[in-house]
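Undergrad: Handing you a structure now.
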Amino acid sequence: IREKGKAAQSFGGYEECELYTMPRNEDTCIVYEIEYHESENYRRYFKGHPHLNYFTHSRAESKQGHCLLSIMPFDSTYQFNQLSSNVPLHPNSSAPLYRIILRSQEHFLHGVIQAKDFHASDVRACVQALARELALQEQFRIATYPNAESEILNMDESFVKDKVKIGVINIKPGQKTELEFLSNRDEPGPFRDFLAILGDRVDLKGFPEFDGGLDIRNDTTGKYSVYTRWEGYEVMCHVATLLPYSPTDEQMVQKKRHIGNDLVCIIFLEGDAVFSPRAVKSRYIHVFIVVKLLYEKESALPVRYKIATVCRDGVPIFSPYLMEKNVFEHGPELKNFIICKCINSEKAAVKSPKFQQLQKRTRTYLLQHLCRAMEDYECVRKITPRKGVRNPPQLNAEVYENVERLVSDYRKVFSVPKLCDVVFVVSANQLPIFGEFILLRICYVI
């Protein structure tokens, strides 16, 4: 952090990051980009491009457990058959490169490998060499699962969201406790102007877009909120002054229920107000973005804001960086910086140890489920008629219009002579009729 021009100080379970005094160009042009999560690499590099997917057998007893490998040529101009694993190396390169994503219970690795390092002559040899490096007791098996790409994408991006919730709290001079912060009901002019920068004030009743957990039917969470769209992301703000206030709710439970469960919270300081992250009691908030108004409207100088961030321990640094610019005038650039900072801060927060442990358990379950589905499909696909027996008709993949058509198609499949050792005969008026689950169980018996 010091190399980035910041000094970190442990502060109540958080790291308070302040800028060193350094010369800065106020006209610095900052590129606002959403930071990609590592689990989005499959969408960025593999989706829609020819590639191969390999998985390990469910009975593999390696330390890594189930493994799922995606591999493609690093040179996007080199195409190969998606259903063939005997692929020669790039003819125009003595040292071809392959982009891979390796998923296991412990790791999610993305990188580029060089075939010559594995003494490989084709893709299959390269994959087998990787299996040896991982000390797998079972070799990788190519996946021909028809929905593999979409299922892998859903698994990888199970923690990737394009909808973000942000808490917003304004603090007045002299206020030091959480209850004082949340008891504010009025919106001074500067704070209202700042909310207008964040997004549009929307009527919650019947709101058709992302509601962020707010009530859009009965106005139990307030009548209005602040919402915006930015670079394909939907952002809903939980503004403390817009959430309902009740004199009987001394602990501000209703407001804490929303703001306290956000990963990111914006703190707006009025006048000479100061903020301590220890004042907000939440196990879920991992990042505070502190905004301080430098000049009032009555001044001859333009309205300007100074930005600072406070992060919980374990949250990695995220862009846009304050070392590039931390003072902004009231305008579109301020919105771009704040919204981009909030989105990237939430992506960074889920990389903290607390959320990594949760993701590991979920990823392990999803990986096991997908690998077993791929294996089950391979088992059914490899069932072939005995020698000298004609190929049985395939089941119609269309949606069945009625039960009679379903029974007719199944009867055609199982009426082939010598296809099955055991044939179950079900009368027309007897239930349940053959279904997909029973078909798979019969195939396993065969």
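Going through the structure tokens in order, the chains are called A, B, and so on, while each chain numbers its residues from 1 and the ligands are numbered from 1 in the order shown.
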Can you list every residue of stretch 163-266 of chain A that has an atom at most 12 Å from stretch 30-48 of chain A, with its nearest atom pair and the distance in Å to one decimal, using only C-alpha atoms, ordered by chain then number, as a Markdown table?

TA:
| residue | atom | partner | partner_atom | distance |
| --- | --- | --- | --- | --- |
| A:Trp230 | CA | A:Ile34 | CA | 10.2 |
| A:Glu231 | CA | A:Ile34 | CA | 8.4 |
| A:Gly232 | CA | A:Ile34 | CA | 10.2 |
| A:Tyr233 | CA | A:Ile34 | CA | 9.8 |

Undergrad: Would you mind exporting the chosen residues as a PDB file, in the first residue's frame, restricted to all heavy atoms?

TA:
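The new file part04.pdb reads:
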ATOM      1  N   TRP A 230     -25.222   1.970 -14.531  1.00  0.00           N
ATOM      2  CA  TRP A 230     -23.893   2.440 -14.915  1.00  0.00           C
ATOM      3  C   TRP A 230     -23.118   1.285 -15.515  1.00  0.00           C
ATOM      4  O   TRP A 230     -22.870   0.270 -14.838  1.00  0.00           O
ATOM      5  CB  TRP A 230     -23.162   3.004 -13.694  1.00  0.00           C
ATOM      6  CG  TRP A 230     -21.917   3.750 -14.030  1.00  0.00           C
ATOM      7  CD1 TRP A 230     -21.814   5.069 -14.367  1.00  0.00           C
ATOM      8  CD2 TRP A 230     -20.572   3.239 -14.037  1.00  0.00           C
ATOM      9  NE1 TRP A 230     -20.510   5.417 -14.593  1.00  0.00           N
ATOM     10  CE2 TRP A 230     -19.716   4.315 -14.410  1.00  0.00           C
ATOM     11  CE3 TRP A 230     -20.007   1.995 -13.793  1.00  0.00           C
ATOM     12  CZ2 TRP A 230     -18.342   4.159 -14.515  1.00  0.00           C
ATOM     13  CZ3 TRP A 230     -18.645   1.836 -13.906  1.00  0.00           C
ATOM     14  CH2 TRP A 230     -17.819   2.914 -14.255  1.00  0.00           C
ATOM     15  N   GLU A 231     -22.761   1.417 -16.783  1.00  0.00           N
ATOM     16  CA  GLU A 231     -21.946   0.421 -17.480  1.00  0.00           C
ATOM     17  C   GLU A 231     -22.501  -0.998 -17.344  1.00  0.00           C
ATOM     18  O   GLU A 231     -21.771  -1.963 -17.107  1.00  0.00           O
ATOM     19  CB  GLU A 231     -20.503   0.458 -16.945  1.00  0.00           C
ATOM     20  CG  GLU A 231     -19.787   1.761 -17.178  1.00  0.00           C
ATOM     21  CD  GLU A 231     -19.557   2.053 -18.661  1.00  0.00           C
ATOM     22  OE1 GLU A 231     -19.420   1.087 -19.428  1.00  0.00           O
ATOM     23  OE2 GLU A 231     -19.521   3.241 -19.027  1.00  0.00           O
ATOM     24  N   GLY A 232     -23.822  -1.126 -17.505  1.00  0.00           N
ATOM     25  CA  GLY A 232     -24.446  -2.437 -17.436  1.00  0.00           C
ATOM     26  C   GLY A 232     -24.776  -2.912 -16.039  1.00  0.00           C
ATOM     27  O   GLY A 232     -25.344  -3.998 -15.873  1.00  0.00           O
ATOM     28  N   TYR A 233     -24.444  -2.146 -15.020  1.00  0.00           N
ATOM     29  CA  TYR A 233     -24.727  -2.501 -13.632  1.00  0.00           C
ATOM     30  C   TYR A 233     -25.921  -1.687 -13.123  1.00  0.00           C
ATOM     31  O   TYR A 233     -26.087  -0.516 -13.476  1.00  0.00           O
ATOM     32  CB  TYR A 233     -23.518  -2.231 -12.735  1.00  0.00           C
ATOM     33  CG  TYR A 233     -22.430  -3.269 -12.859  1.00  0.00           C
ATOM     34  CD1 TYR A 233     -21.569  -3.279 -13.941  1.00  0.00           C
ATOM     35  CD2 TYR A 233     -22.258  -4.254 -11.885  1.00  0.00           C
ATOM     36  CE1 TYR A 233     -20.569  -4.224 -14.064  1.00  0.00           C
ATOM     37  CE2 TYR A 233     -21.259  -5.204 -11.997  1.00  0.00           C
ATOM     38  CZ  TYR A 233     -20.418  -5.192 -13.083  1.00  0.00           C
ATOM     39  OH  TYR A 233     -19.442  -6.137 -13.202  1.00  0.00           O
TER      40      TYR A 233
END

Undergrad: DSSP on the backbone, then: every residue of stretch 265-385 of chain A marked helix (DSSP H, G or I), written as number ranges by chain.

TA: A: 277-279, 332-349, 353-381

Undergrad: Could you please determine the separation between atom CA of A:Ala115 and atom CA of A:Arg141 in Å, to one decimal place?

TA: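 Between atom CA of A:Ala115 and atom CA of A:Arg141 the gap works out to 18.9 Å.
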
Undergrad: Near A:His369, within 12 Å and counting only C-alpha atoms, which residues show up once chain neighbours fewer than 5 positions away are dropped, as a PyMOL selection string?

TA: chain A and resi 55+58+66-68+151-152+155+362-364+374-376

Undergrad: Name the residues in contact with stretch 167-180 of chain A at a cut-off of 6 Å, using only C-alpha atoms, excluding same-chain residues fewer than 4 positions from it; report them as a PyMOL selection string.

TA: chain A and resi 237-240+259+265-270+272-273+279-280

Undergrad: Write out the residues from the selection above, keeping all heavy atoms, as a compact mmCIF listing (two decimals), in the first residue's frame.

TA:
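Result file follows (part.txt):
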# COMPACT_ATOMS: atom_id res chain seq x y z
N CYS A 237 -29.46 2.42 -3.92
CA CYS A 237 -28.90 2.98 -2.70
C CYS A 237 -29.89 2.83 -1.54
O CYS A 237 -31.09 3.10 -1.71
CB CYS A 237 -28.56 4.46 -2.90
SG CYS A 237 -27.32 4.78 -4.17
N HIS A 238 -29.38 2.41 -0.41
CA HIS A 238 -30.16 2.40 0.83
C HIS A 238 -29.80 3.67 1.60
O HIS A 238 -28.83 3.70 2.35
CB HIS A 238 -29.83 1.15 1.66
CG HIS A 238 -30.26 -0.13 1.01
ND1 HIS A 238 -29.66 -1.34 1.26
CD2 HIS A 238 -31.24 -0.37 0.10
CE1 HIS A 238 -30.25 -2.28 0.54
NE2 HIS A 238 -31.21 -1.71 -0.16
N VAL A 239 -30.56 4.72 1.37
CA VAL A 239 -30.27 6.02 1.96
C VAL A 239 -30.92 6.09 3.33
O VAL A 239 -32.13 5.89 3.47
CB VAL A 239 -30.78 7.16 1.06
CG1 VAL A 239 -30.36 8.51 1.63
CG2 VAL A 239 -30.24 6.98 -0.37
N ALA A 240 -30.11 6.40 4.35
CA ALA A 240 -30.61 6.38 5.73
C ALA A 240 -31.77 7.36 5.92
O ALA A 240 -32.74 7.07 6.63
CB ALA A 240 -29.48 6.70 6.70
N ILE A 259 -28.99 -1.19 5.59
CA ILE A 259 -27.64 -0.62 5.49
C ILE A 259 -26.60 -1.56 6.10
O ILE A 259 -25.50 -1.73 5.57
CB ILE A 259 -27.59 0.76 6.16
CG1 ILE A 259 -28.54 1.72 5.42
CG2 ILE A 259 -26.18 1.33 6.17
CD1 ILE A 259 -28.62 3.10 6.05
N CYS A 265 -20.61 1.05 2.01
CA CYS A 265 -21.41 2.13 2.57
C CYS A 265 -20.71 3.46 2.31
O CYS A 265 -19.50 3.60 2.56
CB CYS A 265 -21.64 1.94 4.07
SG CYS A 265 -22.71 3.17 4.83
N ILE A 266 -21.47 4.43 1.79
CA ILE A 266 -20.95 5.78 1.56
C ILE A 266 -21.27 6.64 2.78
O ILE A 266 -22.42 6.67 3.24
CB ILE A 266 -21.56 6.40 0.29
CG1 ILE A 266 -21.18 5.58 -0.94
CG2 ILE A 266 -21.13 7.84 0.12
CD1 ILE A 266 -21.84 6.06 -2.23
N ILE A 267 -20.28 7.32 3.27
CA ILE A 267 -20.44 8.24 4.41
C ILE A 267 -20.27 9.66 3.89
O ILE A 267 -19.20 10.02 3.38
CB ILE A 267 -19.42 7.95 5.52
CG1 ILE A 267 -19.52 6.50 5.99
CG2 ILE A 267 -19.60 8.92 6.68
CD1 ILE A 267 -20.83 6.15 6.65
N PHE A 268 -21.31 10.48 4.06
CA PHE A 268 -21.25 11.88 3.63
C PHE A 268 -21.11 12.76 4.86
O PHE A 268 -21.97 12.75 5.75
CB PHE A 268 -22.51 12.25 2.85
CG PHE A 268 -22.49 13.65 2.30
CD1 PHE A 268 -21.88 13.93 1.08
CD2 PHE A 268 -23.06 14.71 3.00
CE1 PHE A 268 -21.84 15.22 0.57
CE2 PHE A 268 -23.03 16.00 2.50
CZ PHE A 268 -22.42 16.26 1.28
N LEU A 269 -20.01 13.50 4.93
CA LEU A 269 -19.72 14.35 6.09
C LEU A 269 -20.17 15.77 5.82
O LEU A 269 -19.78 16.39 4.83
CB LEU A 269 -18.22 14.32 6.40
CG LEU A 269 -17.60 12.95 6.70
CD1 LEU A 269 -16.11 13.09 6.96
CD2 LEU A 269 -18.30 12.29 7.88
N GLU A 270 -21.00 16.30 6.71
CA GLU A 270 -21.46 17.68 6.61
C GLU A 270 -20.58 18.57 7.48
O GLU A 270 -20.28 18.24 8.63
CB GLU A 270 -22.91 17.80 7.07
CG GLU A 270 -23.90 16.98 6.27
CD GLU A 270 -25.31 17.15 6.77
OE1 GLU A 270 -25.55 18.16 7.49
OE2 GLU A 270 -26.18 16.32 6.47
N ASP A 272 -17.95 20.19 9.59
CA ASP A 272 -16.75 19.69 10.28
C ASP A 272 -16.95 18.31 10.89
O ASP A 272 -16.21 17.92 11.80
CB ASP A 272 -16.32 20.68 11.37
CG ASP A 272 -15.94 22.05 10.81
OD1 ASP A 272 -15.44 22.08 9.66
OD2 ASP A 272 -16.15 23.06 11.50
N ALA A 273 -17.92 17.59 10.42
CA ALA A 273 -18.19 16.25 10.97
C ALA A 273 -17.01 15.32 10.71
O ALA A 273 -16.29 15.45 9.72
CB ALA A 273 -19.46 15.68 10.35
N ALA A 279 -17.75 3.27 14.89
CA ALA A 279 -19.07 3.71 15.33
C ALA A 279 -20.19 2.89 14.68
O ALA A 279 -21.29 2.80 15.22
CB ALA A 279 -19.27 5.19 15.01
N VAL A 280 -19.94 2.30 13.52
CA VAL A 280 -20.95 1.52 12.81
C VAL A 280 -20.76 0.05 13.13
O VAL A 280 -19.73 -0.54 12.79
CB VAL A 280 -20.88 1.76 11.29
CG1 VAL A 280 -21.92 0.92 10.57
CG2 VAL A 280 -21.07 3.24 10.98

Undergrad: Determine which residues of stretch 189-379 of chain A DSSP labels as strand (DSSP E) from the backbone of this structure, then write them out as a PyMOL selection string.

TA: chain A and resi 200-203+224-230+233-239+264-269+287-293+304-312+327-329

Undergrad: Using only C-alpha atoms, determine which residues lie at most 12 Å from A:Asp117, disregarding the query and same-chain residues fewer than 5 positions distant; provide the list as a ChimeraX atom specification.

TA: /A:94-98,112,125-126,129-130,133

Undergrad: Compile the contact shell of A:Asn218 as a list of chain:residue names: residues with an atom at most 12 Å away, counting only C-alpha atoms, same-chain residues fewer than 4 positions apart removed.

TA: A:Asp203, A:Leu204, A:Lys205, A:Gly206, A:Phe207, A:Leu214, A:Gly222, A:Lys223, A:Tyr224

Undergrad: Have a look at A:Ala348, A:Leu334, A:Ile289, A:Leu294 and name the one nearest to A:Ser276; count only C-alpha atoms.

TA: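 Using only C-alpha atoms, A:Ser276 sits closest to A:Ile289.
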
Undergrad: Taking only C-alpha atoms into account, name the residue in A:Asn154, A:Ala120, A:Arg372, A:Thr220 that is nearest to A:Ser246.

TA: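 Once distances to A:Ser246 are computed over only C-alpha atoms, the minimum belongs to A:Thr220.
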
Undergrad: Quick check, in Å to one decimal: how far apart do atom CA of A:Ile339 and atom CA of A:Leu195 lie?

TA: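 These two atoms are separated by 11.9 Å.
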
Undergrad: Could you tell me which of A:Ile197, A:Arg99, A:Val164, A:Ala308 comes closest to A:Asn261 if we count only C-alpha atoms?

TA: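 Once distances to A:Asn261 are computed over only C-alpha atoms, the minimum belongs to A:Val164.
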
Undergrad: Restricting the calculation to only C-alpha atoms: of A:Asp262, A:Glu329, A:Asp200, A:Glu324, which residue gets closest to A:Tyr305?

TA: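 Smallest separation from A:Tyr305 among the options: A:Glu329.
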
Undergrad: To one decimal in Å, tell me the separation between atom CA of A:Tyr245 and atom CA of A:Asp219.

TA: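 Straight-line distance from atom CA of A:Tyr245 to atom CA of A:Asp219 works out to 12.6 Å.
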